[in-house]
Amino acid sequence: MGAGEETAGTVIIAGVANLAIAAAKAAAGVLGGSAAMLSEAAHSVADTVTEVLLFTALRAGVRPADARHPFGYGKANFFWAFLAAVATLVAGAGFSITHGLHTISHGEEPGDFTLSYLVLGISFVIEAVSFGRAARQVRREAQRWRVPPLRYLRHTPDTAVKAVTLEDTAALIGLVLAAAGLGLTEVTGSPVWDGLASVAIGLLLVAVALVLARANGSLLVGRALPGPLREEIRAVLEDLPTVEAVGTLLTMQLGPRTGLIAAKINFRDDATGARIEAACEEAEFQLRAKFPGIEYIFLDPSPDAKSPG
């Protein structure tokens, strides 16, 4: 299974799980009169909308390049993922915080929380399964790039798996917060704890949404390939026998698994046109072999290219 297919599977599983959980949480919240449970229902609804948008991103991003979009549609992934982050912020965080504040200021009429505890327990198991799949994918990709999983998750352009992993993490924390709010409300008889849990869930969603929005915004603007990867690309170019120095090296992330390289190269003075052409062909061959995701390579023989520093 390719990385793209695995990501699609991760998104689908997370979406189906969140949809079922949202319905159960909503029922438990209405019957039990719990603000935290209703906030968790809104949380799951927001996550479901997010998965739909992420799946749309995966489908839109694989369209082949054409005359109007010569570099392909990879950045569509980042656009739809950015909308998914906005959906989390508005639909999930907005409802949770406002409903929690309303509960704190106006109170609520609590009912039997038994169903709520049952739904929270089942939801935790389902979310843990979804999180486990996302975490396994993160670990595999991190091993492939020879970096720690957390570093991979922080810098990966695969916004779908990043979003699912962060949202599942937030979901597990949110379930614990909701359970704590319900327990304290039941013990003390004060709905304030339930309202505070709702607000805390909302703030958690705000944090996740802002992290994802920032990452996708950077990719939409045109983020370079990771620093270590750029250094490896420079090393490949500098190792060519006719190369004197590599000057300007520009890269861009075109999609979750595609990139672009443009470089100015100073060849040796005794290099003939045929040797320069052969060196450029060899550079493209080596770069594509070592970095399969690099789709576009532009090398400019330039006598003005200077080595950095």
# chains A, B, ... in the order shown; residues from 1 in each chain; ligands from 1
call {"tool": "residues_around", "arguments": {"residues": "A:Lys25", "least_positions_apart": "3", "cutoff": "8 Å", "atoms": "only C-alpha atoms", "output": "PyMOL selection string"}}
result
chain A and resi 21-22+28-29+37-38+40-41+116+119-120
call {"tool": "residues_around", "arguments": {"residues": "stretch 229-235 of chain A", "least_positions_apart": "4", "cutoff": "10 Å", "atoms": "only C-alpha atoms", "output": "MDAnalysis selection string"}}
result
chainID A and resid 145 224:225 239:240 245:251 261 263 283 286:287 290:291
call {"tool": "write_last_selection", "arguments": {"atoms": "N, CA and C atoms", "output": "short mmCIF file (atom, residue, chain, number, x, y, z; two decimals), in the first residue's frame"}}
result
data_model
loop_
_atom_site.label_atom_id
_atom_site.label_comp_id
_atom_site.auth_asym_id
_atom_site.auth_seq_id
_atom_site.Cartn_x
_atom_site.Cartn_y
_atom_site.Cartn_z
N TRP A 145 12.27 8.45 6.86
CA TRP A 145 13.05 9.68 6.73
C TRP A 145 14.15 9.80 7.78
N ALA A 224 9.58 25.83 1.64
CA ALA A 224 10.71 25.08 1.09
C ALA A 224 10.71 23.66 1.64
N LEU A 225 11.44 22.78 0.98
CA LEU A 225 11.64 21.44 1.50
C LEU A 225 12.43 21.53 2.82
N ASP A 239 28.72 16.99 -5.59
CA ASP A 239 29.55 15.81 -5.81
C ASP A 239 29.75 15.50 -7.30
N LEU A 240 29.03 16.18 -8.17
CA LEU A 240 29.21 15.94 -9.60
C LEU A 240 30.62 16.38 -10.02
N ALA A 245 30.81 24.90 -7.90
CA ALA A 245 30.05 25.35 -6.72
C ALA A 245 28.56 25.37 -7.06
N VAL A 246 27.77 25.24 -6.01
CA VAL A 246 26.32 25.38 -6.14
C VAL A 246 25.93 26.68 -5.46
N GLY A 247 25.36 27.58 -6.22
CA GLY A 247 24.97 28.88 -5.67
C GLY A 247 23.56 28.84 -5.11
N THR A 248 22.67 29.58 -5.74
CA THR A 248 21.29 29.63 -5.28
C THR A 248 20.63 28.27 -5.42
N LEU A 249 20.04 27.79 -4.32
CA LEU A 249 19.28 26.54 -4.34
C LEU A 249 17.90 26.83 -3.79
N LEU A 250 16.90 26.73 -4.64
CA LEU A 250 15.52 26.99 -4.25
C LEU A 250 14.71 25.70 -4.32
N THR A 251 13.88 25.47 -3.33
CA THR A 251 13.01 24.29 -3.33
C THR A 251 11.62 24.72 -2.90
N ILE A 261 12.83 21.55 -7.38
CA ILE A 261 14.20 22.01 -7.13
C ILE A 261 14.61 22.94 -8.26
N ALA A 263 18.18 25.33 -9.17
CA ALA A 263 19.52 25.65 -8.66
C ALA A 263 20.37 26.31 -9.74
N ALA A 283 22.68 14.56 -12.64
CA ALA A 283 22.13 15.16 -11.42
C ALA A 283 20.64 14.83 -11.29
N GLN A 286 20.22 11.12 -10.34
CA GLN A 286 20.54 10.84 -8.93
C GLN A 286 19.49 11.42 -7.98
N LEU A 287 19.05 12.64 -8.27
CA LEU A 287 18.07 13.28 -7.39
C LEU A 287 16.74 12.54 -7.41
N LYS A 290 17.15 9.22 -5.49
CA LYS A 290 17.28 9.37 -4.04
C LYS A 290 16.04 9.99 -3.41
N PHE A 291 15.38 10.87 -4.16
CA PHE A 291 14.19 11.56 -3.64
C PHE A 291 13.05 11.39 -4.65
#
call {"tool": "select_by_dssp", "arguments": {"residues": "stretch 97-176 of chain A", "states": "alpha helix (DSSP H)", "output": "ChimeraX atom specification"}}
result
/A:97-106,114-145,149-155,159-176
call {"tool": "write_last_selection", "arguments": {"atoms": "C-alpha atoms", "output": "compact mmCIF listing (two decimals), in the first residue's frame"}}
result
# COMPACT_ATOMS: atom_id res chain seq x y z
CA ILE A 97 -16.65 27.60 24.56
CA THR A 98 -19.93 29.50 24.19
CA HIS A 99 -22.02 26.60 25.50
CA GLY A 100 -19.65 26.08 28.40
CA LEU A 101 -19.75 29.75 29.38
CA HIS A 102 -23.55 29.68 29.18
CA THR A 103 -23.64 26.69 31.50
CA ILE A 104 -21.31 28.38 33.99
CA SER A 105 -23.38 31.57 34.06
CA HIS A 106 -26.90 30.12 33.83
CA THR A 114 -24.77 6.81 33.43
CA LEU A 115 -25.29 6.88 29.66
CA SER A 116 -22.74 9.66 29.34
CA TYR A 117 -20.06 7.64 31.14
CA LEU A 118 -20.84 4.62 28.95
CA VAL A 119 -20.58 6.67 25.76
CA LEU A 120 -17.33 8.28 26.93
CA GLY A 121 -15.80 4.87 27.62
CA ILE A 122 -16.79 3.43 24.24
CA SER A 123 -15.69 6.62 22.48
CA PHE A 124 -12.29 6.44 24.15
CA VAL A 125 -11.75 2.91 22.83
CA ILE A 126 -12.80 3.87 19.28
CA GLU A 127 -10.69 7.04 19.27
CA ALA A 128 -7.73 5.05 20.60
CA VAL A 129 -8.03 2.62 17.67
CA SER A 130 -8.12 5.51 15.18
CA PHE A 131 -5.19 7.20 16.94
CA GLY A 132 -3.22 3.94 16.90
CA ARG A 133 -3.52 3.66 13.12
CA ALA A 134 -2.41 7.27 12.61
CA ALA A 135 0.47 6.84 15.07
CA ARG A 136 1.70 3.71 13.28
CA GLN A 137 1.74 5.59 9.98
CA VAL A 138 3.67 8.45 11.58
CA ARG A 139 6.25 6.02 13.01
CA ARG A 140 6.73 4.27 9.66
CA GLU A 141 7.18 7.53 7.78
CA ALA A 142 9.53 8.84 10.48
CA GLN A 143 11.68 5.71 10.14
CA ARG A 144 11.75 6.11 6.36
CA TRP A 145 13.05 9.68 6.73
CA PRO A 149 8.24 10.68 15.10
CA LEU A 150 7.49 13.99 16.82
CA ARG A 151 9.87 15.84 14.51
CA TYR A 152 8.29 14.18 11.49
CA LEU A 153 4.81 15.11 12.71
CA ARG A 154 5.87 18.73 13.26
CA HIS A 155 7.38 19.18 9.78
CA THR A 159 -1.41 17.47 6.30
CA ALA A 160 -4.06 14.74 6.34
CA VAL A 161 -2.19 12.34 8.60
CA LYS A 162 -0.98 15.30 10.69
CA ALA A 163 -4.56 16.51 11.18
CA VAL A 164 -5.90 13.06 12.06
CA THR A 165 -3.11 12.45 14.56
CA LEU A 166 -3.55 15.81 16.31
CA GLU A 167 -7.35 15.61 16.29
CA ASP A 168 -7.37 12.07 17.68
CA THR A 169 -4.96 13.19 20.39
CA ALA A 170 -7.25 16.12 21.20
CA ALA A 171 -10.26 13.79 21.16
CA LEU A 172 -8.70 11.46 23.75
CA ILE A 173 -7.78 14.42 25.99
CA GLY A 174 -11.25 15.90 25.48
CA LEU A 175 -12.91 12.67 26.59
CA VAL A 176 -10.87 12.71 29.79
call {"tool": "atom_distance", "arguments": {"atom1": "atom CA of A:Glu284", "atom2": "atom CA of A:Ala57"}}
result
29.3 Å
call {"tool": "select_by_dssp", "arguments": {"residues": "stretch 179-278 of chain A", "states": "strand (DSSP E)", "output": "mmCIF file with N, CA and C atoms, in the first residue's frame"}}
result
data_model
loop_
_atom_site.group_PDB
_atom_site.id
_atom_site.type_symbol
_atom_site.label_atom_id
_atom_site.label_comp_id
_atom_site.auth_asym_id
_atom_site.auth_seq_id
_atom_site.Cartn_x
_atom_site.Cartn_y
_atom_site.Cartn_z
ATOM 1 N N VAL A 243 31.286 20.057 -11.356
ATOM 2 C CA VAL A 243 30.697 21.191 -10.629
ATOM 3 C C VAL A 243 31.751 21.875 -9.765
ATOM 4 N N GLU A 244 31.834 23.201 -9.905
ATOM 5 C CA GLU A 244 32.737 24.001 -9.084
ATOM 6 C C GLU A 244 32.049 24.427 -7.792
ATOM 7 N N ALA A 245 30.807 24.896 -7.905
ATOM 8 C CA ALA A 245 30.051 25.346 -6.724
ATOM 9 C C ALA A 245 28.560 25.370 -7.060
ATOM 10 N N VAL A 246 27.767 25.242 -6.010
ATOM 11 C CA VAL A 246 26.319 25.379 -6.139
ATOM 12 C C VAL A 246 25.929 26.682 -5.464
ATOM 13 N N GLY A 247 25.360 27.578 -6.216
ATOM 14 C CA GLY A 247 24.973 28.875 -5.666
ATOM 15 C C GLY A 247 23.562 28.843 -5.108
ATOM 16 N N THR A 248 22.672 29.577 -5.738
ATOM 17 C CA THR A 248 21.288 29.632 -5.275
ATOM 18 C C THR A 248 20.631 28.272 -5.416
ATOM 19 N N LEU A 249 20.038 27.793 -4.324
ATOM 20 C CA LEU A 249 19.282 26.540 -4.341
ATOM 21 C C LEU A 249 17.896 26.825 -3.789
ATOM 22 N N LEU A 250 16.899 26.730 -4.642
ATOM 23 C CA LEU A 250 15.521 26.987 -4.248
ATOM 24 C C LEU A 250 14.711 25.700 -4.325
ATOM 25 N N THR A 251 13.880 25.473 -3.329
ATOM 26 C CA THR A 251 13.010 24.294 -3.329
ATOM 27 C C THR A 251 11.619 24.716 -2.899
ATOM 28 N N MET A 252 10.642 23.899 -3.254
ATOM 29 C CA MET A 252 9.272 24.175 -2.831
ATOM 30 C C MET A 252 8.494 22.874 -2.693
ATOM 31 N N GLN A 253 7.662 22.821 -1.654
ATOM 32 C CA GLN A 253 6.781 21.680 -1.444
ATOM 33 C C GLN A 253 5.530 21.896 -2.279
ATOM 34 N N LEU A 254 5.352 21.064 -3.304
ATOM 35 C CA LEU A 254 4.206 21.214 -4.207
ATOM 36 C C LEU A 254 3.003 20.408 -3.760
ATOM 37 N N GLY A 255 3.211 19.426 -2.920
ATOM 38 C CA GLY A 255 2.144 18.577 -2.418
ATOM 39 C C GLY A 255 2.682 17.746 -1.282
ATOM 40 N N THR A 258 5.296 15.621 -3.164
ATOM 41 C CA THR A 258 5.942 16.127 -4.384
ATOM 42 C C THR A 258 6.669 17.434 -4.089
ATOM 43 N N GLY A 259 7.776 17.654 -4.831
ATOM 44 C CA GLY A 259 8.546 18.867 -4.604
ATOM 45 C C GLY A 259 9.218 19.360 -5.876
ATOM 46 N N LEU A 260 9.813 20.541 -5.778
ATOM 47 C CA LEU A 260 10.477 21.206 -6.900
ATOM 48 C C LEU A 260 11.861 21.656 -6.462
ATOM 49 N N ILE A 261 12.829 21.553 -7.377
ATOM 50 C CA ILE A 261 14.203 22.005 -7.127
ATOM 51 C C ILE A 261 14.611 22.940 -8.259
ATOM 52 N N ALA A 262 15.197 24.071 -7.920
ATOM 53 C CA ALA A 262 15.791 24.984 -8.905
ATOM 54 C C ALA A 262 17.136 25.435 -8.352
ATOM 55 N N ALA A 263 18.184 25.325 -9.166
ATOM 56 C CA ALA A 263 19.522 25.650 -8.658
ATOM 57 C C ALA A 263 20.371 26.312 -9.738
ATOM 58 N N LYS A 264 21.209 27.264 -9.301
ATOM 59 C CA LYS A 264 22.240 27.857 -10.151
ATOM 60 C C LYS A 264 23.559 27.146 -9.840
ATOM 61 N N ILE A 265 24.211 26.639 -10.884
ATOM 62 C CA ILE A 265 25.417 25.831 -10.689
ATOM 63 C C ILE A 265 26.579 26.428 -11.482
ATOM 64 N N ASN A 266 27.692 26.580 -10.800
ATOM 65 C CA ASN A 266 28.913 27.046 -11.452
ATOM 66 C C ASN A 266 29.759 25.831 -11.828
ATOM 67 N N PHE A 267 29.862 25.555 -13.132
ATOM 68 C CA PHE A 267 30.667 24.428 -13.597
ATOM 69 C C PHE A 267 32.121 24.875 -13.796
#
call {"tool": "atom_distance", "arguments": {"atom1": "atom CA of A:Gly61", "atom2": "atom CA of A:Phe79"}}
result
9.7 Å
call {"tool": "atom_distance", "arguments": {"atom1": "atom CA of A:Ala178", "atom2": "atom CA of A:Val45"}}
result
15.8 Å
call {"tool": "closest_residue", "arguments": {"among": "A:Ser34, A:Thr242, A:Thr272, A:Thr156", "to": "A:Gly107", "atoms": "only C-alpha atoms"}}
result
A:Ser34
call {"tool": "residues_around", "arguments": {"residues": "A:Ala8", "least_positions_apart": "4", "cutoff": "10 Å", "atoms": "only C-alpha atoms", "output": "list in words"}}
result
Gly2, Ala3, Gly4, Ile12, Ile13, Ala14, Glu51, Leu54, Phe55, Thr56, Ala57, Leu58, Arg59, Ala160 and Val161 of chain A
call {"tool": "residues_around", "arguments": {"residues": "A:Thr185", "least_positions_apart": "3", "cutoff": "12 Å", "atoms": "only C-alpha atoms", "output": "MDAnalysis selection string"}}
result
chainID A and resid 32:36 103:104 107:113 178:182 188:197
call {"tool": "decode", "arguments": {"residues": "stretch 159-189 of chain A", "atoms": "N, CA and C atoms", "output": "mmCIF file, in the first residue's frame"}}
result
data_model
loop_
_atom_site.group_PDB
_atom_site.id
_atom_site.type_symbol
_atom_site.label_atom_id
_atom_site.label_comp_id
_atom_site.auth_asym_id
_atom_site.auth_seq_id
_atom_site.Cartn_x
_atom_site.Cartn_y
_atom_site.Cartn_z
ATOM 1 N N THR A 159 -0.531 16.790 5.359
ATOM 2 C CA THR A 159 -1.411 17.474 6.302
ATOM 3 C C THR A 159 -2.575 16.601 6.761
ATOM 4 N N ALA A 160 -2.946 15.606 5.959
ATOM 5 C CA ALA A 160 -4.063 14.745 6.343
ATOM 6 C C ALA A 160 -3.705 13.888 7.554
ATOM 7 N N VAL A 161 -2.567 13.198 7.474
ATOM 8 C CA VAL A 161 -2.185 12.342 8.601
ATOM 9 C C VAL A 161 -1.828 13.198 9.815
ATOM 10 N N LYS A 162 -1.291 14.387 9.583
ATOM 11 C CA LYS A 162 -0.984 15.295 10.691
ATOM 12 C C LYS A 162 -2.267 15.716 11.392
ATOM 13 N N ALA A 163 -3.289 16.071 10.602
ATOM 14 C CA ALA A 163 -4.558 16.511 11.180
ATOM 15 C C ALA A 163 -5.233 15.387 11.952
ATOM 16 N N VAL A 164 -5.255 14.191 11.377
ATOM 17 C CA VAL A 164 -5.903 13.058 12.056
ATOM 18 C C VAL A 164 -5.196 12.751 13.365
ATOM 19 N N THR A 165 -3.860 12.757 13.345
ATOM 20 C CA THR A 165 -3.109 12.446 14.564
ATOM 21 C C THR A 165 -3.375 13.478 15.659
ATOM 22 N N LEU A 166 -3.317 14.759 15.318
ATOM 23 C CA LEU A 166 -3.554 15.805 16.313
ATOM 24 C C LEU A 166 -4.995 15.800 16.798
ATOM 25 N N GLU A 167 -5.938 15.597 15.891
ATOM 26 C CA GLU A 167 -7.349 15.607 16.286
ATOM 27 C C GLU A 167 -7.702 14.399 17.145
ATOM 28 N N ASP A 168 -7.129 13.235 16.833
ATOM 29 C CA ASP A 168 -7.371 12.068 17.676
ATOM 30 C C ASP A 168 -6.751 12.255 19.061
ATOM 31 N N THR A 169 -5.580 12.893 19.094
ATOM 32 C CA THR A 169 -4.962 13.189 20.389
ATOM 33 C C THR A 169 -5.853 14.128 21.195
ATOM 34 N N ALA A 170 -6.350 15.178 20.523
ATOM 35 C CA ALA A 170 -7.246 16.124 21.199
ATOM 36 C C ALA A 170 -8.533 15.440 21.631
ATOM 37 N N ALA A 171 -9.014 14.498 20.818
ATOM 38 C CA ALA A 171 -10.255 13.792 21.164
ATOM 39 C C ALA A 171 -10.074 12.969 22.433
ATOM 40 N N LEU A 172 -8.949 12.276 22.552
ATOM 41 C CA LEU A 172 -8.702 11.465 23.751
ATOM 42 C C LEU A 172 -8.593 12.351 24.991
ATOM 43 N N ILE A 173 -7.886 13.486 24.856
ATOM 44 C CA ILE A 173 -7.782 14.418 25.989
ATOM 45 C C ILE A 173 -9.153 15.000 26.319
ATOM 46 N N GLY A 174 -9.916 15.340 25.271
ATOM 47 C CA GLY A 174 -11.251 15.902 25.481
ATOM 48 C C GLY A 174 -12.173 14.944 26.207
ATOM 49 N N LEU A 175 -12.078 13.669 25.903
ATOM 50 C CA LEU A 175 -12.912 12.672 26.586
ATOM 51 C C LEU A 175 -12.575 12.604 28.078
ATOM 52 N N VAL A 176 -11.282 12.708 28.382
ATOM 53 C CA VAL A 176 -10.865 12.711 29.788
ATOM 54 C C VAL A 176 -11.398 13.961 30.493
ATOM 55 N N LEU A 177 -11.332 15.102 29.822
ATOM 56 C CA LEU A 177 -11.851 16.347 30.396
ATOM 57 C C LEU A 177 -13.350 16.260 30.627
ATOM 58 N N ALA A 178 -14.065 15.699 29.644
ATOM 59 C CA ALA A 178 -15.518 15.568 29.786
ATOM 60 C C ALA A 178 -15.874 14.659 30.952
ATOM 61 N N ALA A 179 -15.149 13.550 31.088
ATOM 62 C CA ALA A 179 -15.406 12.628 32.201
ATOM 63 C C ALA A 179 -15.125 13.297 33.541
ATOM 64 N N ALA A 180 -14.036 14.085 33.592
ATOM 65 C CA ALA A 180 -13.706 14.788 34.829
ATOM 66 C C ALA A 180 -14.792 15.812 35.168
ATOM 67 N N GLY A 181 -15.273 16.540 34.164
ATOM 68 C CA GLY A 181 -16.331 17.517 34.398
ATOM 69 C C GLY A 181 -17.606 16.872 34.892
ATOM 70 N N LEU A 182 -17.978 15.752 34.270
ATOM 71 C CA LEU A 182 -19.179 15.033 34.708
ATOM 72 C C LEU A 182 -19.033 14.524 36.136
ATOM 73 N N GLY A 183 -17.851 13.947 36.430
ATOM 74 C CA GLY A 183 -17.642 13.396 37.763
ATOM 75 C C GLY A 183 -17.707 14.464 38.846
ATOM 76 N N LEU A 184 -17.045 15.592 38.610
ATOM 77 C CA LEU A 184 -17.046 16.667 39.602
ATOM 78 C C LEU A 184 -18.438 17.281 39.758
ATOM 79 N N THR A 185 -19.177 17.385 38.656
ATOM 80 C CA THR A 185 -20.551 17.903 38.746
ATOM 81 C C THR A 185 -21.428 16.959 39.548
ATOM 82 N N GLU A 186 -21.249 15.653 39.333
ATOM 83 C CA GLU A 186 -22.063 14.676 40.046
ATOM 84 C C GLU A 186 -21.723 14.657 41.535
ATOM 85 N N VAL A 187 -20.443 14.814 41.857
ATOM 86 C CA VAL A 187 -20.025 14.776 43.260
ATOM 87 C C VAL A 187 -20.430 16.046 43.997
ATOM 88 N N THR A 188 -20.225 17.193 43.367
ATOM 89 C CA THR A 188 -20.477 18.480 44.039
ATOM 90 C C THR A 188 -21.892 19.006 43.830
ATOM 91 N N GLY A 189 -22.554 18.519 42.781
ATOM 92 C CA GLY A 189 -23.880 19.050 42.459
ATOM 93 C C GLY A 189 -23.835 20.382 41.756
#
